[in-house]
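A.B. asks: Following this line is protein_35.txt, made up of compact mmCIF, C-alpha atoms and all ligand atoms:
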```txt
# COMPACT_ATOMS: atom_id res chain seq x y z
CA MET A 1 19.65 45.89 3.69
CA ASP A 2 22.90 44.71 2.11
CA LEU A 3 22.30 41.56 0.07
CA THR A 4 25.75 41.47 -1.54
CA LEU A 5 27.08 37.91 -1.64
CA THR A 6 30.37 37.24 0.13
CA PRO A 7 33.24 35.29 -1.52
CA GLU A 8 32.17 32.37 0.77
CA HIS A 9 28.64 32.51 -0.70
CA GLU A 10 30.01 32.65 -4.25
CA ALA A 11 32.22 29.61 -3.60
CA LEU A 12 29.28 27.69 -2.15
CA VAL A 13 27.08 28.49 -5.17
CA ALA A 14 29.83 27.32 -7.54
CA MET A 15 30.27 24.07 -5.59
CA VAL A 16 26.53 23.30 -5.37
CA ARG A 17 25.93 24.28 -9.00
CA GLU A 18 28.61 21.80 -10.08
CA PHE A 19 27.14 19.04 -7.90
CA ALA A 20 23.62 19.80 -9.22
CA ALA A 21 24.73 19.77 -12.88
CA ARG A 22 26.88 16.64 -12.53
CA ASP A 23 24.86 14.42 -10.18
CA VAL A 24 21.33 15.76 -9.70
CA LYS A 25 19.88 17.19 -12.92
CA PRO A 26 20.77 14.17 -15.11
CA ILE A 27 18.65 11.83 -12.95
CA ALA A 28 15.82 14.20 -11.93
CA ALA A 29 13.38 12.95 -14.60
CA GLN A 30 14.15 9.33 -13.73
CA LEU A 31 13.60 9.93 -9.98
CA ASP A 32 10.23 11.48 -10.86
CA ARG A 33 9.23 8.71 -13.28
CA GLU A 34 10.15 5.91 -10.90
CA ALA A 35 9.17 7.79 -7.69
CA ARG A 36 12.60 6.75 -6.42
CA PHE A 37 14.16 8.24 -3.27
CA PRO A 38 17.68 9.48 -4.22
CA LYS A 39 19.63 7.76 -1.44
CA GLU A 40 22.95 8.30 -3.24
CA LEU A 41 22.34 12.06 -3.63
CA VAL A 42 21.43 12.39 0.05
CA ALA A 43 24.73 10.67 0.94
CA THR A 44 26.68 13.05 -1.32
CA MET A 45 24.85 16.07 0.11
CA GLY A 46 25.97 14.89 3.56
CA GLN A 47 29.60 14.71 2.37
CA LEU A 48 29.32 18.19 0.82
CA GLY A 49 27.99 19.67 4.08
CA LEU A 50 24.54 20.44 2.65
CA MET A 51 22.49 18.61 5.29
CA GLY A 52 23.32 20.95 8.20
CA ILE A 53 24.32 24.17 6.47
CA GLU A 54 23.65 26.52 9.41
CA VAL A 55 24.80 24.12 12.15
CA PRO A 56 28.21 25.05 13.64
CA VAL A 57 31.16 22.98 12.44
CA GLU A 58 31.79 21.61 15.96
CA LEU A 59 28.25 20.13 15.88
CA GLY A 60 28.73 18.40 12.53
CA GLY A 61 27.44 21.16 10.24
CA SER A 62 28.95 23.66 7.80
CA GLY A 63 28.74 26.74 10.04
CA LEU A 64 27.30 28.92 7.26
CA ASP A 65 24.50 31.51 7.41
CA PRO A 66 20.81 31.49 6.31
CA ILE A 67 21.70 33.25 3.03
CA ALA A 68 24.05 30.38 2.18
CA TYR A 69 21.18 27.99 2.91
CA VAL A 70 18.86 29.84 0.50
CA LEU A 71 21.50 29.90 -2.24
CA ALA A 72 22.20 26.18 -1.91
CA MET A 73 18.50 25.29 -1.78
CA GLU A 74 17.80 27.24 -4.98
CA GLU A 75 20.62 25.44 -6.83
CA VAL A 76 19.61 21.93 -5.74
CA SER A 77 15.89 22.57 -6.32
CA ALA A 78 16.47 24.02 -9.79
CA ALA A 79 17.99 20.65 -10.68
CA CYS A 80 15.51 18.48 -8.75
CA ALA A 81 12.73 19.75 -6.48
CA SER A 82 12.43 16.33 -4.77
CA THR A 83 16.07 16.39 -3.70
CA GLY A 84 15.56 20.01 -2.61
CA VAL A 85 12.80 19.22 -0.15
CA ILE A 86 14.64 16.24 1.37
CA MET A 87 17.51 18.63 2.11
CA SER A 88 15.18 21.40 3.31
CA VAL A 89 13.34 19.24 5.85
CA ASN A 90 16.61 17.98 7.34
CA ASN A 91 18.11 21.48 7.55
CA SER A 92 15.26 23.73 8.61
CA LEU A 93 12.65 21.50 10.20
CA VAL A 94 14.96 19.17 12.12
CA CYS A 95 18.49 20.59 12.59
CA ASP A 96 17.21 24.13 13.19
CA PRO A 97 14.90 23.37 16.17
CA LEU A 98 17.53 21.05 17.67
CA LEU A 99 20.12 23.82 17.41
CA LYS A 100 17.76 26.32 19.06
CA PHE A 101 15.93 24.25 21.67
CA ALA A 102 17.96 21.09 22.47
CA ASP A 103 20.27 20.86 25.47
CA GLU A 104 23.95 20.00 25.07
CA ALA A 105 23.52 16.24 25.54
CA GLN A 106 20.63 16.16 23.04
CA LYS A 107 22.72 18.10 20.50
CA GLN A 108 25.57 15.60 20.79
CA ARG A 109 23.28 12.59 20.54
CA TRP A 110 20.80 13.73 17.88
CA LEU A 111 21.98 16.87 16.07
CA VAL A 112 25.57 15.86 15.20
CA PRO A 113 24.60 12.79 13.10
CA LEU A 114 21.79 14.72 11.39
CA ALA A 115 23.90 17.76 10.50
CA SER A 116 26.75 15.61 9.17
CA GLY A 117 24.34 13.66 6.95
CA GLU A 118 24.87 10.33 8.74
CA ARG A 119 21.19 10.30 9.66
CA LEU A 120 18.06 11.77 8.08
CA GLY A 121 15.34 13.69 9.90
CA CYS A 122 11.59 14.29 9.65
CA PHE A 123 9.16 16.76 11.26
CA MET A 124 5.90 15.34 12.61
CA LEU A 125 3.29 18.04 13.15
CA SER A 126 0.45 17.34 10.66
CA GLU A 127 -2.23 14.78 11.41
CA PRO A 128 -5.14 13.41 9.36
CA GLU A 129 -7.34 16.09 11.00
CA ALA A 130 -4.72 18.71 11.89
CA GLY A 131 -3.08 20.24 8.80
CA SER A 132 -3.67 23.99 8.61
CA ASP A 133 -5.16 23.96 12.13
CA ALA A 134 -1.93 22.72 13.64
CA ALA A 135 -3.09 23.20 17.26
CA ALA A 136 -5.86 20.58 16.83
CA GLN A 137 -3.48 17.73 17.75
CA LYS A 138 -4.99 14.33 18.57
CA THR A 139 -1.74 12.45 19.19
CA THR A 140 -1.11 12.22 22.94
CA ALA A 141 1.88 11.74 25.23
CA THR A 142 0.68 10.31 28.56
CA PRO A 143 3.00 10.54 31.60
CA ASP A 144 4.48 7.14 32.51
CA GLY A 145 7.16 6.82 35.18
CA ASP A 146 9.94 9.26 34.28
CA GLY A 147 8.78 9.57 30.65
CA TRP A 148 5.70 9.42 28.42
CA VAL A 149 3.81 6.92 26.27
CA ILE A 150 2.84 8.21 22.83
CA ASP A 151 -0.23 7.17 20.80
CA GLY A 152 -1.62 8.61 17.56
CA THR A 153 -1.08 9.08 13.84
CA LYS A 154 0.89 11.70 11.91
CA ASN A 155 0.17 12.47 8.26
CA TRP A 156 2.06 13.50 5.07
CA ILE A 157 5.43 13.23 6.84
CA THR A 158 8.13 14.17 4.34
CA ASN A 159 11.18 11.84 4.71
CA GLY A 160 8.90 9.65 6.91
CA PRO A 161 9.66 6.39 5.07
CA GLN A 162 13.45 6.89 5.41
CA ALA A 163 14.01 9.06 8.51
CA ASP A 164 16.16 7.88 11.42
CA THR A 165 15.20 10.74 13.76
CA GLY A 166 12.02 12.80 14.04
CA ILE A 167 10.73 15.87 15.85
CA LEU A 168 7.25 15.04 17.13
CA PHE A 169 4.55 17.43 18.37
CA CYS A 170 1.69 16.06 20.46
CA MET A 171 -0.66 16.80 23.35
CA THR A 172 0.64 16.40 26.88
CA ASP A 173 -2.34 18.33 28.32
CA ARG A 174 -5.43 18.47 26.13
CA ALA A 175 -7.28 20.89 28.45
CA ALA A 176 -4.56 23.52 27.92
CA GLY A 177 -5.17 23.79 24.12
CA HIS A 178 -2.09 24.89 22.17
CA ARG A 179 -0.25 25.45 25.47
CA GLY A 180 -0.68 21.71 26.14
CA ILE A 181 1.41 20.69 23.11
CA SER A 182 4.97 19.46 23.73
CA ALA A 183 7.83 18.50 21.39
CA PHE A 184 9.83 15.25 21.54
CA ILE A 185 12.86 13.84 19.72
CA ILE A 186 12.00 10.42 18.33
CA ASP A 187 14.17 7.45 17.38
CA MET A 188 12.21 6.38 14.30
CA ASN A 189 13.46 2.77 14.54
CA ALA A 190 12.34 2.24 18.15
CA PRO A 191 9.44 -0.09 19.11
CA GLY A 192 5.97 1.47 18.78
CA VAL A 193 6.84 3.62 15.73
CA ARG A 194 5.38 2.33 12.47
CA ARG A 195 5.63 3.83 8.97
CA GLY A 196 2.66 3.73 6.58
CA HIS A 197 2.82 3.27 2.80
CA LYS A 198 4.47 6.10 0.90
CA ASP A 199 1.99 8.62 -0.51
CA ASP A 200 1.40 8.49 -4.28
CA LYS A 201 1.84 12.15 -5.18
CA LEU A 202 1.27 14.55 -8.10
CA GLY A 203 4.80 15.98 -7.92
CA ILE A 204 8.11 15.84 -5.97
CA ARG A 205 7.78 12.12 -6.49
CA GLY A 206 11.40 11.36 -5.58
CA SER A 207 10.77 12.69 -2.09
CA HIS A 208 8.70 10.25 -0.06
CA SER A 209 6.08 11.03 2.56
CA SER A 210 3.90 8.72 4.63
CA GLN A 211 1.81 8.37 7.75
CA ILE A 212 3.67 7.58 10.96
CA MET A 213 1.77 5.59 13.58
CA PHE A 214 2.61 5.65 17.29
CA ASP A 215 1.39 2.71 19.28
CA GLU A 216 2.36 2.84 22.98
CA HIS A 217 5.74 4.28 21.99
CA ARG A 218 7.77 5.08 25.10
CA VAL A 219 10.04 8.13 25.35
CA GLY A 220 12.27 9.15 28.24
CA ARG A 221 12.51 12.63 29.81
CA GLU A 222 15.78 13.15 27.90
CA GLN A 223 13.76 13.11 24.64
CA LEU A 224 11.63 16.14 25.58
CA LEU A 225 12.63 19.10 23.36
CA GLY A 226 12.31 22.41 25.21
CA LYS A 227 9.85 22.50 28.11
CA VAL A 228 6.51 20.76 28.59
CA GLY A 229 3.82 22.90 26.87
CA GLU A 230 6.30 24.76 24.64
CA GLY A 231 5.75 22.53 21.60
CA PHE A 232 3.40 24.80 19.64
CA LYS A 233 5.76 27.76 19.89
CA ILE A 234 8.69 25.53 18.86
CA ALA A 235 6.66 24.35 15.84
CA MET A 236 5.71 27.89 14.82
CA ALA A 237 9.24 29.27 15.26
CA THR A 238 10.58 26.32 13.24
CA LEU A 239 8.11 26.97 10.42
CA ASP A 240 9.20 30.64 10.32
CA CYS A 241 12.59 29.28 9.21
CA GLY A 242 11.27 26.34 7.19
CA ARG A 243 9.20 28.68 5.03
CA ILE A 244 12.41 30.40 3.88
CA GLY A 245 13.62 26.99 2.67
CA ILE A 246 10.39 26.32 0.76
CA ALA A 247 10.55 29.82 -0.76
CA ALA A 248 14.06 28.93 -1.99
CA GLN A 249 12.81 25.59 -3.31
CA ALA A 250 10.03 27.41 -5.21
CA LEU A 251 12.63 29.84 -6.53
CA GLY A 252 14.66 26.91 -7.88
CA ILE A 253 11.62 25.40 -9.61
CA ALA A 254 10.66 28.81 -11.06
CA ARG A 255 14.19 29.36 -12.35
CA ALA A 256 14.32 25.94 -13.97
CA ALA A 257 10.98 26.60 -15.70
CA PHE A 258 12.13 30.04 -16.86
CA GLU A 259 15.46 28.74 -18.20
CA ALA A 260 13.74 25.90 -20.07
CA ALA A 261 11.20 28.32 -21.59
CA ALA A 262 13.81 30.92 -22.58
CA GLY A 263 16.08 28.23 -24.08
CA TYR A 264 13.22 26.71 -26.06
CA ALA A 265 11.97 30.09 -27.30
CA CYS A 266 15.44 30.85 -28.68
CA VAL A 267 15.61 27.71 -30.87
CA ARG A 268 12.01 26.96 -31.85
CA ARG A 269 10.84 28.78 -34.98
CA THR A 270 7.28 29.70 -36.00
CA PHE A 271 6.05 31.91 -38.84
CA GLY A 272 9.59 32.41 -40.11
CA LYS A 273 11.20 33.60 -36.88
CA ARG A 274 12.31 32.38 -33.47
CA VAL A 275 9.49 32.09 -30.91
CA VAL A 276 11.36 34.58 -28.68
CA ASP A 277 11.18 37.18 -31.48
CA HIS A 278 7.40 37.28 -31.27
CA GLN A 279 6.84 40.20 -28.93
CA ALA A 280 4.09 38.38 -26.99
CA ILE A 281 6.65 35.75 -25.94
CA GLY A 282 9.51 38.23 -25.40
CA PHE A 283 7.31 40.27 -23.04
CA GLN A 284 6.19 37.13 -21.24
CA LEU A 285 9.82 36.13 -20.64
CA ALA A 286 10.57 39.65 -19.39
CA ASP A 287 7.71 39.41 -16.87
CA MET A 288 8.85 35.95 -15.78
CA GLU A 289 12.40 37.15 -15.12
CA THR A 290 11.10 40.17 -13.17
CA GLU A 291 8.88 38.01 -10.95
CA LEU A 292 11.72 35.56 -10.40
CA GLU A 293 14.03 38.34 -9.26
CA ALA A 294 11.35 39.80 -6.94
CA ALA A 295 10.82 36.36 -5.36
CA ARG A 296 14.59 35.99 -4.88
CA LEU A 297 14.87 39.36 -3.15
CA LEU A 298 11.98 38.59 -0.76
CA THR A 299 13.57 35.23 0.09
CA LEU A 300 17.03 36.68 0.65
CA ARG A 301 15.54 39.45 2.81
CA ALA A 302 13.82 36.92 5.08
CA ALA A 303 17.12 34.99 5.33
CA ALA A 304 19.06 38.18 6.11
CA MET A 305 16.60 39.04 8.89
CA LYS A 306 16.99 35.57 10.36
CA HIS A 307 20.76 36.02 10.21
CA ALA A 308 20.46 39.38 12.01
CA GLY A 309 18.41 37.71 14.78
CA GLN A 310 15.27 39.74 13.94
CA ARG A 311 11.71 38.36 14.09
CA HIS A 312 10.85 37.33 10.53
CA SER A 313 7.48 35.49 10.65
CA ARG A 314 5.84 37.99 8.29
CA GLU A 315 8.82 38.20 5.91
CA SER A 316 9.17 34.39 5.71
CA ALA A 317 5.45 34.05 5.02
CA MET A 318 5.63 36.76 2.31
CA ALA A 319 8.64 35.09 0.69
CA LYS A 320 6.98 31.66 0.70
CA LEU A 321 3.61 33.02 -0.48
CA TYR A 322 5.10 35.00 -3.36
CA ALA A 323 7.81 32.56 -4.46
CA SER A 324 5.40 29.60 -4.49
CA GLU A 325 2.87 31.53 -6.59
CA VAL A 326 5.67 32.65 -8.95
CA ALA A 327 6.81 29.02 -9.32
CA ASN A 328 3.29 27.99 -10.30
CA ARG A 329 2.78 30.90 -12.71
CA LEU A 330 6.18 30.41 -14.36
CA ALA A 331 5.83 26.65 -14.71
CA LYS A 332 2.41 27.14 -16.33
CA ALA A 333 3.80 29.82 -18.69
CA ALA A 334 6.78 27.60 -19.54
CA ILE A 335 4.41 24.84 -20.72
CA GLN A 336 2.47 27.35 -22.84
CA ILE A 337 5.69 28.62 -24.46
CA HIS A 338 6.65 25.03 -25.29
CA GLY A 339 3.20 24.41 -26.83
CA GLY A 340 2.54 20.70 -27.40
CA ASN A 341 6.10 19.85 -26.38
CA GLY A 342 5.37 21.31 -22.93
CA TYR A 343 2.74 18.67 -22.32
CA VAL A 344 4.95 15.61 -22.82
CA THR A 345 7.49 14.09 -20.45
CA GLU A 346 10.31 14.37 -23.00
CA PHE A 347 10.64 18.01 -21.90
CA PRO A 348 11.12 18.96 -18.22
CA VAL A 349 8.48 21.68 -17.86
CA GLU A 350 5.52 19.37 -17.11
CA ARG A 351 7.55 18.07 -14.13
CA HIS A 352 8.26 21.61 -12.93
CA TYR A 353 4.50 22.32 -13.19
CA ARG A 354 3.65 19.26 -11.04
CA ASP A 355 6.51 19.94 -8.59
CA ALA A 356 5.54 23.61 -8.16
CA LYS A 357 2.05 22.91 -6.78
CA ILE A 358 3.17 21.53 -3.41
CA THR A 359 5.06 24.75 -2.57
CA GLU A 360 1.64 26.45 -2.24
CA ILE A 361 0.53 23.76 0.21
CA TYR A 362 3.20 22.40 2.56
CA GLU A 363 4.70 24.31 5.50
CA GLY A 364 1.44 26.29 5.47
CA THR A 365 -0.87 26.82 2.49
CA SER A 366 -0.97 30.19 0.70
CA GLU A 367 -4.09 30.93 2.75
CA ILE A 368 -2.18 30.26 6.01
CA GLN A 369 0.67 32.54 4.85
CA ARG A 370 -1.93 35.31 4.37
CA VAL A 371 -3.26 34.59 7.90
CA VAL A 372 0.28 34.97 9.30
CA ILE A 373 0.96 38.17 7.31
CA ALA A 374 -2.40 39.74 8.24
CA ALA A 375 -2.01 38.86 11.94
CA ASP A 376 1.45 40.42 11.97
CA LEU A 377 0.17 43.56 10.20
CA LEU A 378 -2.54 43.97 12.83
CA ARG A 379 0.03 43.50 15.63
CA ALA A 380 2.30 46.22 14.21
N1 LIG A 401 6.77 32.03 16.78
C1 LIG A 401 6.57 31.80 18.12
N2 LIG A 401 5.32 31.72 18.67
C2 LIG A 401 4.27 31.87 17.84
C3 LIG A 401 4.41 32.11 16.45
C4 LIG A 401 5.73 32.20 15.94
N3 LIG A 401 5.93 32.42 14.63
N4 LIG A 401 3.20 32.19 15.90
C5 LIG A 401 2.30 32.03 16.88
N5 LIG A 401 2.95 31.84 18.07
C6 LIG A 401 2.37 31.67 19.40
C7 LIG A 401 1.42 32.83 19.70
O1 LIG A 401 2.12 33.92 20.26
C8 LIG A 401 0.47 32.22 20.68
O2 LIG A 401 1.10 32.18 21.96
P1 LIG A 401 0.32 32.24 23.38
O3 LIG A 401 0.46 30.87 23.94
O4 LIG A 401 1.08 33.22 24.17
O5 LIG A 401 -1.11 32.60 23.13
C9 LIG A 401 0.37 30.77 20.20
O6 LIG A 401 1.53 30.51 19.40
C10 LIG A 401 -0.88 30.50 19.38
O7 LIG A 401 -0.88 31.39 18.28
P2 LIG A 401 -2.18 31.57 17.36
O8 LIG A 401 -3.35 31.91 18.24
O9 LIG A 401 -1.83 32.50 16.27
O10 LIG A 401 -2.38 30.08 16.82
P3 LIG A 401 -3.48 29.44 15.87
O11 LIG A 401 -3.95 28.17 16.45
O12 LIG A 401 -4.50 30.47 15.50
O13 LIG A 401 -2.61 29.01 14.56
C11 LIG A 401 -1.50 29.33 12.46
C12 LIG A 401 -1.85 29.89 13.84
C13 LIG A 401 -0.54 30.36 11.85
C14 LIG A 401 -2.72 29.20 11.57
C15 LIG A 401 -0.80 27.95 12.62
O14 LIG A 401 -1.71 26.97 13.04
C16 LIG A 401 -0.12 27.47 11.36
O15 LIG A 401 0.99 27.91 11.03
N6 LIG A 401 -0.75 26.52 10.62
C17 LIG A 401 -0.11 25.89 9.48
C18 LIG A 401 0.67 24.69 9.92
C19 LIG A 401 1.75 24.32 8.96
O16 LIG A 401 2.43 25.15 8.39
N7 LIG A 401 1.97 23.01 8.83
C20 LIG A 401 3.02 22.53 8.02
C21 LIG A 401 3.40 21.17 8.43
S1 LIG A 401 5.08 20.78 8.19
C22 LIG A 401 5.30 20.44 6.57
O17 LIG A 401 4.50 20.76 5.73
C23 LIG A 401 6.60 19.82 6.25
C24 LIG A 401 6.74 19.24 4.91
O18 LIG A 401 6.03 18.39 4.45
C25 LIG A 401 7.85 19.72 4.06
```
Take the structure I supplied and represent it as structure tokens, if you would.
C.D. replies:
Amino acid sequence: MDLTLTPEHEALVAMVREFAARDVKPIAAQLDREARFPKELVATMGQLGLMGIEVPVELGGSGLDPIAYVLAMEEVSAACASTGVIMSVNNSLVCDPLLKFADEAQKQRWLVPLASGERLGCFMLSEPEAGSDAAAQKTTATPDGDGWVIDGTKNWITNGPQADTGILFCMTDRAAGHRGISAFIIDMNAPGVRRGHKDDKLGIRGSHSSQIMFDEHRVGREQLLGKVGEGFKIAMATLDCGRIGIAAQALGIARAAFEAAAGYACVRRTFGKRVVDHQAIGFQLADMETELEAARLLTLRAAAMKHAGQRHSRESAMAKLYASEVANRLAKAAIQIHGGNGYVTEFPVERHYRDAKITEIYEGTSEIQRVVIAADLLRA
């Protein structure tokens, strides 16, 4: 598989790296400290074409490929993991399923403003009692005239407090199990949609999540995404792509932790020499860089397979599983290399450590990634 970057990829990386260094990294610690949603960064990302990277230009996006998406996600997330996930949800969990499953009228109405960054999206699958077991949906859509009435509660919805548009999964036929789940496009400001308080989280504190409550919320037939009963497959196919985005976010966090640790080890002195000159630390940095590169290759391979139109459930799960575990290992090692300075907020590595944890949980825990990989191995 050829993973050589094109001149277009190189130009994108240069542009995003500049944006991340100028606008994102300088305020990342403040966003974390104040748990503040970076509205201004989201607006700039829209102007830079980062909110609908793979959406064709004529539909408001940048018309780039999945590799470009991974490269941009790594750059933004290395500067601020909160900003990274806001971008990732809009790109892979909202624009992607609309691009694949929406009809032409739906694309014009919903996708164009999302891909151009005019509106922000959220993905509503999880419920208080349906996280890993995504088919155990309790939210219902009951037929009513030429549409449905929706009732129920969604949980941990990233971008929930700010989103204008959402993709909702719920039961249209409980007796049919996962084949009774359908997907709908939701106007988040319409009557019968209520947002809960934002969650108080360990990490990615600049990205907000909340419950979303549906109380006799009415949707028309034109808001059905795909066909009735196709919702679970739409959710699973969407997560196959979303997991590439989270792998790239984890890669960004891991890189930031590695760079901070390597930089610190080169200036801090103990026992008459630089910390990096103690072989124990030099070897640790060598292992960190090797793991980082392996995670990057797995992530780029999953993106290349998506680009080639190949099934990539297993490869996305492997990329997300490995990159998220690398992010956690590297962030922990970065704190250790910093010693006492790693434990205080004056240095960025304690934030990377807190931000890394969620990448082993959302869009499928590490255990769920192993379920997906094992099931695919048995199928082969
Ligand atoms: N693509 C298309 N169809 C798929 C598929 C895929 N990748 N994976 C499964 N399916 C289909 C199967 O073929 C099967 O189809 P049939 O109707 O023909 O039988 C159907 O879906 C059911 O498949 P399973 O029997 O494998 O389903 P399951 O109930 O055992 O669940 C699971 C499988 C992998 C555990 C799934 O429940 C899962 O992924 N859980 C984790 C959910 C998750 O990742 N949630 C994240 C929420 S979003 C989020 O986190 C966003 C955020 O904050 C950033």
A.B. asks: Which residues come within 8 Å of His312 (chain A), counting all atoms listed in the file, excluding same-chain residues fewer than 3 positions away, as a tab-separated table (two decimals) with C-alpha atoms, keeping the file's coordinate frame?
C.D. replies:
```tsv
chain	number	residue	atom	x	y	z
A	240	ASP	CA	9.20	30.64	10.32
A	302	ALA	CA	13.82	36.92	5.08
A	305	MET	CA	16.60	39.04	8.89
A	306	LYS	CA	16.99	35.57	10.36
A	315	GLU	CA	8.82	38.20	5.91
A	316	SER	CA	9.17	34.39	5.71
```
A.B. asks: So which one's closest to Gly342 (chain A), A:Ala265, A:Ile373, A:Ser324, A:Leu285? Using only C-alpha atoms, please.
C.D. replies: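 Distance minimum relative to Gly342 (chain A) lands on A:Ala265.
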A.B. asks: Considering all atoms listed in the file, return as an mmCIF file with C-alpha atoms, keeping the file's coordinate frame whatever protein or nucleic-acid residues lie within 10 Å of Arg354 (chain A), sequence-local ones (same chain, fewer than 2 positions apart) excluded.
C.D. replies:
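Output contents, as saved in around-v5.cif:
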```cif
data_model
loop_
_atom_site.group_PDB
_atom_site.id
_atom_site.type_symbol
_atom_site.label_atom_id
_atom_site.label_comp_id
_atom_site.auth_asym_id
_atom_site.auth_seq_id
_atom_site.Cartn_x
_atom_site.Cartn_y
_atom_site.Cartn_z
ATOM 1 C CA LYS A 201 1.840 12.150 -5.180
ATOM 2 C CA LEU A 202 1.270 14.550 -8.100
ATOM 3 C CA GLY A 203 4.800 15.980 -7.920
ATOM 4 C CA ILE A 204 8.110 15.840 -5.970
ATOM 5 C CA ARG A 205 7.780 12.120 -6.490
ATOM 6 C CA ASN A 328 3.290 27.990 -10.300
ATOM 7 C CA ALA A 331 5.830 26.650 -14.710
ATOM 8 C CA LYS A 332 2.410 27.140 -16.330
ATOM 9 C CA VAL A 349 8.480 21.680 -17.860
ATOM 10 C CA GLU A 350 5.520 19.370 -17.110
ATOM 11 C CA ARG A 351 7.550 18.070 -14.130
ATOM 12 C CA HIS A 352 8.260 21.610 -12.930
ATOM 13 C CA ALA A 356 5.540 23.610 -8.160
ATOM 14 C CA LYS A 357 2.050 22.910 -6.780
ATOM 15 C CA ILE A 358 3.170 21.530 -3.410
#
```
A.B. asks: Would you please work out which residue, of A:Met124, A:Ala11, A:Leu5, A:Ala237, is nearest to ligand LIG 401 (chain A) when using all atoms listed in the file?
C.D. replies: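 Distance minimum relative to ligand LIG 401 (chain A) lands on A:Ala237.
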A.B. asks: Could you tell me, counting all atoms listed in the file, which protein and nucleic acid residues lie no more than 8 Å from ligand LIG 401 (chain A), written as a PyMOL selection string?
C.D. replies: chain A and resi 85+88-89+93+123-126+131-136+156-158+178-179+209+232-240+246+313+361-365+368-369+371-372+375
A.B. asks: Generate the output file for the selected residues, C-alpha atoms, as a PDB file, in the frame of the given file.
C.D. replies:
```
ATOM      1  CA  VAL A  85      12.800  19.220  -0.150  1.00  0.00           C
ATOM      2  CA  SER A  88      15.180  21.400   3.310  1.00  0.00           C
ATOM      3  CA  VAL A  89      13.340  19.240   5.850  1.00  0.00           C
ATOM      4  CA  LEU A  93      12.650  21.500  10.200  1.00  0.00           C
ATOM      5  CA  PHE A 123       9.160  16.760  11.260  1.00  0.00           C
ATOM      6  CA  MET A 124       5.900  15.340  12.610  1.00  0.00           C
ATOM      7  CA  LEU A 125       3.290  18.040  13.150  1.00  0.00           C
ATOM      8  CA  SER A 126       0.450  17.340  10.660  1.00  0.00           C
ATOM      9  CA  GLY A 131      -3.080  20.240   8.800  1.00  0.00           C
ATOM     10  CA  SER A 132      -3.670  23.990   8.610  1.00  0.00           C
ATOM     11  CA  ASP A 133      -5.160  23.960  12.130  1.00  0.00           C
ATOM     12  CA  ALA A 134      -1.930  22.720  13.640  1.00  0.00           C
ATOM     13  CA  ALA A 135      -3.090  23.200  17.260  1.00  0.00           C
ATOM     14  CA  ALA A 136      -5.860  20.580  16.830  1.00  0.00           C
ATOM     15  CA  TRP A 156       2.060  13.500   5.070  1.00  0.00           C
ATOM     16  CA  ILE A 157       5.430  13.230   6.840  1.00  0.00           C
ATOM     17  CA  THR A 158       8.130  14.170   4.340  1.00  0.00           C
ATOM     18  CA  HIS A 178      -2.090  24.890  22.170  1.00  0.00           C
ATOM     19  CA  ARG A 179      -0.250  25.450  25.470  1.00  0.00           C
ATOM     20  CA  SER A 209       6.080  11.030   2.560  1.00  0.00           C
ATOM     21  CA  PHE A 232       3.400  24.800  19.640  1.00  0.00           C
ATOM     22  CA  LYS A 233       5.760  27.760  19.890  1.00  0.00           C
ATOM     23  CA  ILE A 234       8.690  25.530  18.860  1.00  0.00           C
ATOM     24  CA  ALA A 235       6.660  24.350  15.840  1.00  0.00           C
ATOM     25  CA  MET A 236       5.710  27.890  14.820  1.00  0.00           C
ATOM     26  CA  ALA A 237       9.240  29.270  15.260  1.00  0.00           C
ATOM     27  CA  THR A 238      10.580  26.320  13.240  1.00  0.00           C
ATOM     28  CA  LEU A 239       8.110  26.970  10.420  1.00  0.00           C
ATOM     29  CA  ASP A 240       9.200  30.640  10.320  1.00  0.00           C
ATOM     30  CA  ILE A 246      10.390  26.320   0.760  1.00  0.00           C
ATOM     31  CA  SER A 313       7.480  35.490  10.650  1.00  0.00           C
ATOM     32  CA  ILE A 361       0.530  23.760   0.210  1.00  0.00           C
ATOM     33  CA  TYR A 362       3.200  22.400   2.560  1.00  0.00           C
ATOM     34  CA  GLU A 363       4.700  24.310   5.500  1.00  0.00           C
ATOM     35  CA  GLY A 364       1.440  26.290   5.470  1.00  0.00           C
ATOM     36  CA  THR A 365      -0.870  26.820   2.490  1.00  0.00           C
ATOM     37  CA  ILE A 368      -2.180  30.260   6.010  1.00  0.00           C
ATOM     38  CA  GLN A 369       0.670  32.540   4.850  1.00  0.00           C
ATOM     39  CA  VAL A 371      -3.260  34.590   7.900  1.00  0.00           C
ATOM     40  CA  VAL A 372       0.280  34.970   9.300  1.00  0.00           C
ATOM     41  CA  ALA A 375      -2.010  38.860  11.940  1.00  0.00           C
TER      42      ALA A 375
END
```
A.B. asks: From the list A:Ala304, A:Pro97, A:Lys198, A:Leu321, which residue is nearest Met1 (chain A) when using all atoms listed in the file?
C.D. replies: A:Ala304
A.B. asks: So what do you get for CA of Asp2 (chain A) versus CA of Arg301 (chain A), distance-wise?
C.D. replies: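 A separation of 9.1 Å between them.
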A.B. asks: Between CA of Met318 (chain A) and CA of Ala256 (chain A), what is the distance, to one decimal in Å?
C.D. replies: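 Separation of CA of Met318 (chain A) and CA of Ala256 (chain A): 21.4 Å.
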